[in-house]
>>> print(open('my_file_3.cif').read())   # mmCIF, C-alpha atoms
data_my_file
loop_
_atom_site.label_atom_id
_atom_site.label_comp_id
_atom_site.auth_asym_id
_atom_site.auth_seq_id
_atom_site.Cartn_x
_atom_site.Cartn_y
_atom_site.Cartn_z
CA MET A 106 -311.91 -46.00 44.38
CA ILE A 107 -312.22 -42.24 44.16
CA ALA A 108 -308.49 -42.02 44.95
CA ILE A 109 -307.74 -43.55 41.53
CA PHE A 110 -309.73 -40.88 39.73
CA LEU A 111 -308.07 -38.11 41.74
CA ALA A 112 -304.55 -39.47 41.17
CA PRO A 113 -303.94 -37.56 37.88
CA PHE A 114 -305.06 -34.32 39.54
CA TYR A 115 -302.75 -34.99 42.50
CA ILE A 116 -299.78 -35.63 40.18
CA LEU A 117 -300.41 -32.51 38.11
CA LEU A 118 -300.87 -30.39 41.23
CA ASN A 119 -297.56 -31.54 42.66
CA LEU A 120 -295.74 -30.95 39.39
CA TYR A 121 -297.15 -27.42 39.41
CA LEU A 122 -296.16 -26.83 43.04
CA ALA A 123 -292.65 -28.22 42.54
CA ARG A 124 -292.19 -25.93 39.53
CA TRP A 125 -293.18 -22.88 41.53
CA VAL A 126 -290.98 -23.73 44.48
CA LEU A 127 -288.02 -24.10 42.12
CA ARG A 128 -288.83 -20.75 40.53
CA TRP A 129 -289.07 -19.06 43.92
CA THR A 130 -285.89 -20.57 45.28
CA GLY A 131 -284.07 -19.92 42.02
CA ALA A 132 -285.00 -16.25 42.21
CA CYS A 133 -283.58 -16.02 45.73
CA HIS A 134 -280.02 -17.24 45.06
CA ARG A 135 -278.10 -18.63 42.10
CA VAL A 136 -277.14 -21.75 44.07
CA PHE A 137 -280.81 -22.77 44.06
CA GLY A 138 -280.83 -22.49 40.29
CA THR A 139 -278.07 -25.05 39.73
CA LYS A 140 -278.77 -28.43 38.18
CA ALA A 141 -277.44 -30.22 41.28
CA PHE A 142 -279.87 -28.44 43.62
CA ARG A 143 -282.77 -28.98 41.25
CA ALA A 144 -282.01 -32.69 40.93
CA VAL A 145 -281.80 -33.20 44.70
CA PHE A 146 -284.96 -31.16 45.26
CA ILE A 147 -286.95 -33.08 42.64
CA VAL A 148 -285.93 -36.45 44.09
CA LEU A 149 -286.79 -35.43 47.66
CA TYR A 150 -290.05 -33.80 46.58
CA ALA A 151 -291.08 -36.93 44.65
CA LEU A 152 -290.32 -39.17 47.65
CA VAL A 153 -292.35 -37.03 50.03
CA ALA A 154 -295.28 -36.47 47.65
CA SER A 155 -295.49 -40.20 46.88
CA ALA A 156 -295.30 -41.23 50.56
CA PRO A 157 -299.09 -41.71 50.90
CA LEU A 158 -299.06 -44.19 47.98
CA SER A 159 -295.85 -45.97 48.97
CA GLY A 160 -297.09 -46.27 52.57
CA PHE A 161 -300.34 -47.75 51.26
CA LEU A 162 -298.55 -50.31 49.07
CA ILE A 163 -295.69 -51.27 51.39
CA ARG A 164 -296.98 -53.62 54.11
CA SER A 165 -293.72 -54.56 55.78
CA PRO A 166 -291.61 -53.89 57.62
CA ASP A 167 -294.13 -52.14 59.85
CA GLY A 168 -291.64 -49.46 60.88
CA LEU A 169 -291.10 -48.36 57.27
CA ARG A 170 -294.84 -48.38 56.54
CA ARG A 171 -295.52 -46.29 59.64
CA LEU A 172 -292.79 -43.80 58.71
CA LEU A 173 -294.08 -43.38 55.16
CA LEU A 174 -297.67 -42.85 56.29
CA GLN A 175 -296.56 -40.35 58.92
CA ILE A 176 -294.63 -38.44 56.25
CA GLY A 177 -297.70 -38.57 54.02
CA ASN A 178 -299.96 -37.26 56.79
CA HIS A 179 -297.65 -34.31 57.38
CA TRP A 180 -297.27 -33.68 53.66
CA PHE A 181 -301.00 -33.13 53.11
CA GLY A 182 -300.87 -30.22 55.55
CA TRP A 183 -297.74 -28.73 53.98
CA MET A 184 -299.28 -29.11 50.53
CA LEU A 185 -302.44 -27.28 51.59
CA TYR A 186 -300.48 -24.23 52.71
CA LEU A 187 -298.21 -24.40 49.68
CA VAL A 188 -301.28 -24.27 47.43
CA LEU A 189 -302.64 -21.29 49.35
CA ALA A 190 -299.26 -19.55 49.11
CA VAL A 191 -299.06 -20.07 45.34
CA LEU A 192 -302.57 -18.72 44.87
CA ALA A 193 -301.84 -15.69 47.04
CA VAL A 194 -298.61 -14.85 45.20
CA GLU A 195 -300.16 -15.33 41.77
CA LEU A 196 -303.11 -13.11 42.59
CA ALA A 197 -300.75 -10.47 43.97
CA LEU A 198 -298.58 -10.59 40.81
CA VAL A 199 -301.64 -10.23 38.58
CA GLY A 200 -302.72 -7.20 40.58
CA ILE A 201 -299.27 -5.61 40.39
CA ARG A 202 -299.04 -6.15 36.63
CA ARG A 203 -302.39 -4.53 36.03
CA ALA A 204 -301.84 -1.67 38.42
CA ARG A 205 -298.25 -0.73 37.58
CA GLY A 206 -297.28 -2.51 34.38
CA LYS A 207 -293.98 -3.83 35.75
CA ASP A 208 -291.41 -5.06 33.22
CA PHE A 209 -289.83 -8.53 33.31
CA VAL A 210 -286.81 -7.60 35.46
CA GLN A 211 -288.95 -5.78 37.98
CA MET A 212 -291.40 -8.67 38.12
CA GLN A 213 -288.55 -11.08 38.84
CA GLN A 214 -287.55 -8.91 41.79
CA VAL A 215 -291.11 -8.87 43.02
CA ARG A 216 -291.34 -12.65 42.57
CA ARG A 217 -288.12 -13.13 44.56
CA VAL A 218 -289.46 -11.16 47.52
CA GLN A 219 -292.96 -12.61 47.43
CA GLY A 220 -291.75 -16.16 46.84
CA GLY A 221 -289.29 -15.96 49.73
CA VAL A 222 -291.94 -14.58 52.06
CA ALA A 223 -294.46 -17.19 50.92
CA LEU A 224 -292.07 -20.10 51.51
CA ALA A 225 -291.12 -18.73 54.92
CA LEU A 226 -294.80 -18.47 55.86
CA VAL A 227 -295.55 -21.99 54.61
CA CYS A 228 -292.71 -23.38 56.72
CA ALA A 229 -293.67 -21.33 59.78
CA VAL A 230 -297.38 -22.19 59.66
CA SER A 231 -296.77 -25.89 58.95
CA LEU A 232 -294.18 -26.32 61.71
CA TYR A 233 -296.47 -24.47 64.10
CA GLY A 234 -299.36 -26.73 63.11
CA MET A 235 -297.31 -29.86 63.74
CA ALA A 236 -296.29 -28.68 67.20
CA HIS A 237 -299.72 -27.28 68.07
CA ALA A 238 -301.48 -30.58 67.31
CA GLU A 239 -299.61 -32.13 70.25
CA GLN A 240 -300.56 -29.38 72.71
CA LEU A 241 -303.51 -30.55 74.80
CA HIS A 242 -306.12 -27.98 75.82
CA VAL A 243 -308.82 -28.36 78.45
CA THR A 244 -312.05 -26.55 77.58
CA ASP A 245 -314.58 -25.81 80.33
CA TYR A 246 -318.34 -25.35 79.88
CA ASP A 247 -321.01 -24.61 82.48
CA VAL A 248 -324.35 -26.07 81.46
CA THR A 249 -327.68 -25.59 83.22
CA LEU A 250 -330.41 -28.07 82.30
CA GLN A 251 -334.11 -27.81 82.99
CA GLY A 252 -335.54 -30.22 85.54
CA ALA A 253 -334.38 -32.02 88.63
CA GLY A 254 -331.05 -33.75 89.01
CA GLU A 255 -327.76 -33.81 90.87
CA ASP A 256 -324.98 -31.49 89.74
CA MET A 257 -322.22 -33.46 88.07
CA THR A 258 -319.03 -33.15 86.03
CA VAL A 259 -318.84 -34.79 82.60
CA ALA A 260 -315.53 -35.28 80.80
CA LEU A 261 -315.97 -35.39 77.01
CA LEU A 262 -313.39 -36.55 74.50
CA ALA A 263 -313.74 -37.71 70.91
CA ASP A 264 -311.82 -38.35 67.72
CA LEU A 265 -308.80 -40.03 69.25
CA HIS A 266 -308.06 -41.52 65.81
CA LEU A 267 -305.71 -44.06 67.33
CA GLY A 268 -303.38 -44.80 64.43
CA TYR A 269 -300.20 -43.79 62.68
CA SER A 270 -300.30 -40.22 64.04
CA THR A 271 -300.84 -41.31 67.65
CA GLU A 272 -298.27 -40.74 70.37
CA VAL A 273 -298.93 -42.93 73.41
CA ASP A 274 -297.51 -40.30 75.78
CA TYR A 275 -300.11 -37.85 74.48
CA ILE A 276 -302.97 -40.26 75.29
CA GLU A 277 -301.59 -40.72 78.79
CA GLN A 278 -301.38 -36.95 79.17
CA ALA A 279 -305.04 -36.65 78.18
CA VAL A 280 -306.04 -39.32 80.71
CA ALA A 281 -304.16 -37.45 83.44
CA ALA A 282 -305.93 -34.20 82.49
CA ILE A 283 -309.33 -35.91 82.69
CA ASN A 284 -308.57 -37.48 86.05
CA GLU A 285 -307.66 -34.03 87.38
CA MET A 286 -311.24 -32.96 86.63
CA GLN A 287 -312.49 -35.63 89.07
CA PRO A 288 -315.38 -36.37 86.70
CA ASP A 289 -318.56 -38.17 87.56
CA LEU A 290 -318.84 -39.47 84.00
CA VAL A 291 -316.41 -39.90 81.09
CA VAL A 292 -317.80 -39.94 77.55
CA ILE A 293 -315.92 -40.89 74.36
CA ALA A 294 -317.95 -39.66 71.39
CA GLY A 295 -316.64 -41.86 68.60
CA ASP A 296 -313.77 -42.16 66.12
CA ILE A 297 -311.68 -43.98 68.66
CA PHE A 298 -309.77 -45.74 65.88
CA ASP A 299 -308.46 -44.56 62.51
CA ASN A 300 -309.83 -47.28 60.22
CA ALA A 301 -307.17 -49.84 61.14
CA TYR A 302 -306.64 -51.51 64.50
CA GLU A 303 -303.09 -52.50 63.58
CA ALA A 304 -302.18 -48.83 62.98
CA MET A 305 -302.46 -48.15 66.72
CA PRO A 306 -299.09 -48.13 68.49
CA GLU A 307 -298.75 -50.12 71.73
CA PRO A 308 -302.45 -51.08 72.11
CA ASP A 309 -301.92 -52.67 75.54
CA ARG A 310 -300.37 -49.48 76.88
CA ILE A 311 -303.15 -47.30 75.46
CA ALA A 312 -305.84 -49.66 76.81
CA ALA A 313 -304.19 -49.51 80.25
CA ALA A 314 -304.18 -45.71 80.10
CA LEU A 315 -307.89 -45.56 79.25
CA ALA A 316 -308.65 -48.14 81.92
CA SER A 317 -307.08 -45.79 84.47
CA LEU A 318 -309.74 -43.13 83.83
CA ASP A 319 -311.25 -42.47 87.24
CA SER A 320 -314.88 -41.40 87.48
CA THR A 321 -317.92 -41.97 89.65
CA TYR A 322 -320.09 -43.73 87.07
CA GLY A 323 -317.58 -45.05 84.53
CA THR A 324 -316.56 -44.49 80.93
CA TYR A 325 -319.03 -44.84 78.04
CA ALA A 326 -318.60 -44.54 74.29
CA CYS A 327 -320.31 -44.74 70.92
CA TRP A 328 -318.74 -45.63 67.60
CA GLY A 329 -317.80 -43.08 64.95
CA ASN A 330 -317.53 -43.27 61.17
CA HIS A 331 -313.83 -44.24 61.32
CA ASP A 332 -314.36 -47.09 63.77
CA VAL A 333 -314.31 -49.67 61.00
CA SER A 334 -311.55 -51.63 59.31
CA GLU A 335 -310.96 -50.27 55.82
CA PRO A 336 -307.90 -49.68 53.64
CA ILE A 337 -307.32 -45.94 53.17
CA LEU A 338 -305.36 -44.18 50.43
CA ALA A 339 -304.91 -40.42 50.78
CA GLY A 340 -307.91 -40.22 53.10
CA PHE A 341 -310.25 -42.21 50.82
CA THR A 342 -311.49 -45.67 51.76
CA TRP A 343 -311.51 -48.73 49.53
CA ASP A 344 -314.63 -50.88 49.50
CA THR A 345 -314.30 -54.31 51.09
CA ALA A 346 -316.79 -56.99 52.08
CA ASP A 347 -319.03 -55.96 54.97
CA GLU A 348 -317.77 -58.75 57.18
CA ASP A 349 -314.21 -57.39 56.95
CA LYS A 350 -315.15 -53.94 58.21
CA ASP A 351 -316.32 -54.81 61.71
CA ASP A 352 -313.01 -55.67 63.36
CA PRO A 353 -313.71 -57.57 66.63
CA ARG A 354 -310.36 -56.39 68.01
CA MET A 355 -311.81 -52.89 68.34
CA THR A 356 -314.65 -54.11 70.57
CA GLU A 357 -312.23 -56.25 72.56
CA PHE A 358 -309.96 -53.24 73.02
CA LEU A 359 -312.80 -51.19 74.53
CA ALA A 360 -313.63 -53.99 76.94
CA LYS A 361 -310.00 -54.22 77.98
CA ALA A 362 -309.92 -50.43 78.42
CA GLY A 363 -312.95 -50.53 80.72
CA VAL A 364 -315.14 -48.63 78.26
CA THR A 365 -318.83 -49.49 77.93
CA LEU A 366 -320.03 -49.26 74.33
CA LEU A 367 -323.56 -48.01 73.72
CA GLU A 368 -325.05 -48.66 70.29
CA ASP A 369 -328.62 -47.42 70.05
CA ARG A 370 -329.23 -48.35 73.65
CA ALA A 371 -329.51 -46.63 77.01
CA VAL A 372 -328.33 -47.19 80.55
CA THR A 373 -329.47 -45.49 83.75
CA LEU A 374 -326.67 -44.25 85.99
CA GLU A 375 -326.90 -44.42 89.76
CA ASN A 376 -327.73 -40.70 89.93
CA GLY A 377 -330.76 -41.21 87.68
CA VAL A 378 -329.21 -39.85 84.45
CA GLN A 379 -330.32 -41.82 81.42
CA LEU A 380 -327.32 -42.14 79.11
CA VAL A 381 -327.96 -43.06 75.46
CA GLY A 382 -325.39 -44.00 72.82
CA ARG A 383 -326.34 -43.71 69.14
CA ARG A 384 -325.11 -45.72 66.19
CA ASP A 385 -323.13 -43.62 63.76
CA PRO A 386 -325.03 -43.18 60.45
CA SER A 387 -321.96 -43.65 58.23
CA ARG A 388 -320.75 -46.73 60.09
CA ALA A 389 -324.24 -48.21 60.16
CA LYS A 390 -324.54 -47.76 56.39
CA LYS A 391 -321.20 -49.50 55.76
CA LEU A 392 -322.19 -52.44 57.97
CA ALA A 393 -325.79 -52.56 56.72
CA GLU A 394 -327.12 -51.90 60.23
CA GLN A 395 -330.36 -50.17 61.18
CA ARG A 396 -330.14 -46.91 63.13
CA LEU A 397 -333.02 -45.79 65.29
CA GLU A 398 -334.50 -42.33 64.88
CA PRO A 399 -334.30 -40.01 67.93
CA ALA A 400 -337.99 -40.44 68.77
CA GLN A 401 -337.68 -44.25 68.59
CA LEU A 402 -334.50 -44.30 70.65
CA LEU A 403 -335.79 -42.11 73.47
CA ALA A 404 -339.42 -43.24 73.50
CA SER A 405 -339.02 -45.70 76.39
CA LEU A 406 -337.09 -43.29 78.64
CA ASP A 407 -338.48 -41.31 81.58
CA PRO A 408 -338.90 -37.67 80.46
CA ASP A 409 -338.79 -36.55 84.11
CA ARG A 410 -335.20 -37.75 84.45
CA PRO A 411 -332.19 -36.25 82.66
CA ILE A 412 -331.41 -37.72 79.24
CA PHE A 413 -327.84 -37.46 77.91
CA VAL A 414 -327.09 -38.61 74.36
CA ILE A 415 -323.69 -39.60 72.91
CA ASP A 416 -323.81 -39.10 69.14
CA HIS A 417 -320.57 -38.93 67.17
CA GLN A 418 -321.85 -36.62 64.43
CA PRO A 419 -323.77 -33.55 65.64
CA LYS A 420 -326.70 -34.19 63.32
CA GLU A 421 -330.44 -34.20 63.97
CA LEU A 422 -330.08 -31.77 66.86
CA ASP A 423 -333.62 -30.45 66.49
CA ALA A 424 -335.04 -33.98 66.36
CA LEU A 425 -333.10 -34.99 69.47
CA ALA A 426 -334.32 -31.91 71.32
CA GLN A 427 -337.93 -32.59 70.33
CA ALA A 428 -337.57 -36.23 71.41
CA GLY A 429 -336.65 -35.10 74.93
CA ALA A 430 -332.84 -35.12 75.08
CA ASP A 431 -331.35 -32.69 77.58
CA LEU A 432 -327.67 -32.90 76.63
CA ASP A 433 -326.11 -34.07 73.36
CA LEU A 434 -322.38 -34.89 73.31
CA SER A 435 -320.57 -35.08 69.96
CA GLY A 436 -317.31 -34.74 68.05
CA HIS A 437 -316.55 -35.54 64.39
CA THR A 438 -316.04 -32.01 63.04
CA HIS A 439 -312.52 -31.42 64.45
CA ASP A 440 -313.61 -27.76 64.29
CA GLY A 441 -312.17 -27.87 60.77
CA GLN A 442 -308.73 -28.85 62.16
CA LEU A 443 -306.81 -26.62 59.71
CA PHE A 444 -307.42 -23.00 58.77
CA PRO A 445 -309.38 -22.10 56.65
CA GLY A 446 -311.40 -25.27 57.27
CA ASN A 447 -312.43 -23.99 60.69
CA LEU A 448 -314.24 -21.11 58.97
CA LEU A 449 -316.11 -23.43 56.61
CA MET A 450 -317.36 -25.82 59.30
CA TYR A 451 -319.87 -23.29 60.55
CA LEU A 452 -321.55 -23.38 57.15
CA LEU A 453 -322.01 -27.15 57.38
CA TRP A 454 -323.13 -27.79 60.96
CA ASP A 455 -325.64 -26.23 63.34
CA ASN A 456 -322.97 -26.67 65.99
CA ALA A 457 -319.52 -27.10 64.44
CA CYS A 458 -317.75 -26.82 67.78
CA GLY A 459 -318.61 -25.51 71.22
CA CYS A 460 -321.70 -25.29 73.38
CA VAL A 461 -325.05 -24.12 71.94
CA GLN A 462 -328.68 -24.28 72.93
CA VAL A 463 -331.07 -26.13 70.60
CA GLY A 464 -334.60 -25.77 71.88
CA GLY A 465 -334.62 -27.29 75.36
CA MET A 466 -331.41 -29.26 74.70
CA THR A 467 -327.77 -28.29 75.08
CA SER A 468 -325.40 -29.47 72.37
CA VAL A 469 -321.68 -29.76 73.16
CA VAL A 470 -319.28 -30.57 70.32
CA THR A 471 -315.57 -31.08 70.95
CA SER A 472 -312.86 -30.32 68.39
CA GLY A 473 -311.34 -33.68 69.25
CA LEU A 474 -308.32 -35.13 70.94
CA GLY A 475 -306.51 -36.40 67.85
CA VAL A 476 -306.19 -35.55 64.17
CA TRP A 477 -307.43 -37.00 60.91
CA GLY A 478 -305.30 -36.81 57.78
CA PRO A 479 -302.80 -33.95 58.12
CA ASP A 480 -300.97 -34.31 61.42
CA MET A 481 -301.42 -30.61 62.17
CA ARG A 482 -303.76 -28.13 63.80
CA VAL A 483 -303.92 -24.50 62.73
CA GLY A 484 -306.66 -22.27 64.09
CA THR A 485 -308.09 -25.09 66.22
CA ASN A 486 -307.10 -26.96 69.38
CA SER A 487 -306.68 -30.58 70.39
CA GLU A 488 -308.84 -30.78 73.48
CA VAL A 489 -310.66 -32.60 76.21
CA VAL A 490 -313.81 -30.97 77.52
CA CYS A 491 -314.93 -30.54 81.11
CA ILE A 492 -318.68 -29.92 81.42
CA SER A 493 -320.08 -28.75 84.76
CA VAL A 494 -323.74 -29.77 84.63
CA HIS A 495 -326.26 -27.99 86.84
CA PHE A 496 -330.02 -28.38 87.09
CA SER A 497 -332.61 -25.64 87.43
CA LYS A 498 -334.62 -27.48 90.07
#
>>> encode(input="my_file_3.cif", output="structure tokens")
Amino acid sequence: MIAIFLAPFYILLNLYLARWVLRWTGACHRVFGTKAFRAVFIVLYALVASAPLSGFLIRSPDGLRRLLLQIGNHWFGWMLYLVLAVLAVELALVGIRRARGKDFVQMQQVRRVQGGVALALVCAVSLYGMAHAEQLHVTDYDVTLQGAGEDMTVALLADLHLGYSTEVDYIEQAVAAINEMQPDLVVIAGDIFDNAYEAMPEPDRIAAALASLDSTYGTYACWGNHDVSEPILAGFTWDTADEDKDDPRMTEFLAKAGVTLLEDRAVTLENGVQLVGRRDPSRAKKLAEQRLEPAQLLASLDPDRPIFVIDHQPKELDALAQAGADLDLSGHTHDGQLFPGNLLMYLLWDNACGCVQVGGMTSVVTSGLGVWGPDMRVGTNSEVVCISVHFSK
């Protein structure tokens, strides 16, 4: 429901942005100042800016709904950089006025140059972000754990967000990259879906791709906060009855894909590794489920054998370390996904992305395979992670 309260702000912001773009373009060439150009621009701008709402309201045909939501996802990224550009230009103009006292004509010339540069940068950064989001990176970590065990390779992926922004070819590319690692274990650390099973394109083909993951001990997963069925408008969920949120098709999809789901339970692999999957706190709250604390979850495990934990959100790292976990595997943060968000993430999480030591435990957080919201990545990578695990004894 928060989307309703933010709607007036969103409308006013877009009116402000459209006004500034028209002023910038109008200062560049007289053609852009004509009534015909302004009318066409306003209509196109309104269609794009309203795409998140129209995609939310229009249920069929599915192709039109998918197109509108894809436009809306891209628009949020473009809008972010347009806002930053407007702020940068306005601050620069204020500084110039105070420092040099430019007259109106001179300020129009300055506005023309700065506006043109700003628009060019917005276009360049946004187009780069759209292309970069589809470029798969493989990140390698070498991890040495205390205790006895057999060296092994763990493939970690998270935040697939299978939905309107998903390209099936990209998922198949990721599977091929993981198989090249020749992993002993594949871990999917939550947010497999994007709040709607029906948003996923070609589910049978994606399930077949995931089922082709080749590893010694199999593929295991935990749920994330988006692995529920909820209507979403502009990134905000709408409350529905609890029974509607747990879509059985998601669980059936994992079974078909050959993925073993671990929810607050552990399994022991053939090499002696104890693998634990945690319930996600946000999902558990929405479904009114109980989530075990780290000490409760790990109490029955053998502390002399390696303990790996799959936990979508990299929270409670200290508690997990104290409870005896050796390796914690997470996602959720997307490493901020878009600059400057990647700078802010490190203020919010003990491990926003990467590999860090927390007491006697190693925490590995991936920036994620897919995207949430804006279908872009700027300053971050879409990745799968290859972890070479060694033991000190």
>>> residues_around(input="my_file_3.cif", residues="Ser270 (chain A)", least_positions_apart="5", cutoff="10 Å", atoms="all atoms listed in the file", output="list in words")
Arg171, Leu172, Leu174, Gln175, Ile176, Asn178, His179, Leu265, Asp299, Ala304, Met305, Pro306, Gly475, Val476, Trp477, Gly478, Pro479, Asp480 and Met481 of chain A
>>> resolve_selection(input="my_file_3.cif", expression="the PyMOL selection byres ((chain A and resi 376) around 12)", output="MDAnalysis selection string")
chainID A and resid 253:257 289:290 321:322 372:375 377:380 410:412
>>> resolve_selection(input="my_file_3.cif", expression="the PyMOL selection byres ((chain A and resi 454-470) around 8)", output="PyMOL selection string")
chain A and resi 246+248+250-251+419-420+422-423+425-427+429-436+438-440+450-453+471-472
>>> atom_distance(input="my_file_3.cif", atom1="CA of Ala316 (chain A)", atom2="CA of Asp296 (chain A)")
17.7 Å
>>> residues_around(input="my_file_3.cif", residues="region 139-149 of chain A", least_positions_apart="4", cutoff="8 Å", atoms="only C-alpha atoms", output="compact mmCIF listing (two decimals) with C-alpha atoms, in the frame of the given file")
# COMPACT_ATOMS: atom_id res chain seq x y z
CA ALA A 123 -292.65 -28.22 42.54
CA LEU A 127 -288.02 -24.10 42.12
CA ARG A 135 -278.10 -18.63 42.10
CA VAL A 153 -292.35 -37.03 50.03
>>> closest_residue(input="my_file_3.cif", among="A:Asn119, A:Ser159, A:Thr356, A:Ser334", to="Met184 (chain A)", atoms="only C-alpha atoms")
A:Asn119
>>> resolve_selection(input="my_file_3.cif", expression="the PyMOL selection byres ((chain A and resi 221) around 12)", output="JSON, numbers by chain")
{"A": [125, 126, 127, 128, 129, 130, 131, 132, 133, 134, 190, 191, 194, 213, 214, 215, 216, 217, 218, 219, 220, 222, 223, 224, 225, 226, 227, 228]}
>>> closest_residue(input="my_file_3.cif", among="A:Gly363, A:Gly177, A:Leu261, A:Asn284", to="Thr244 (chain A)", atoms="all atoms listed in the file")
A:Leu261
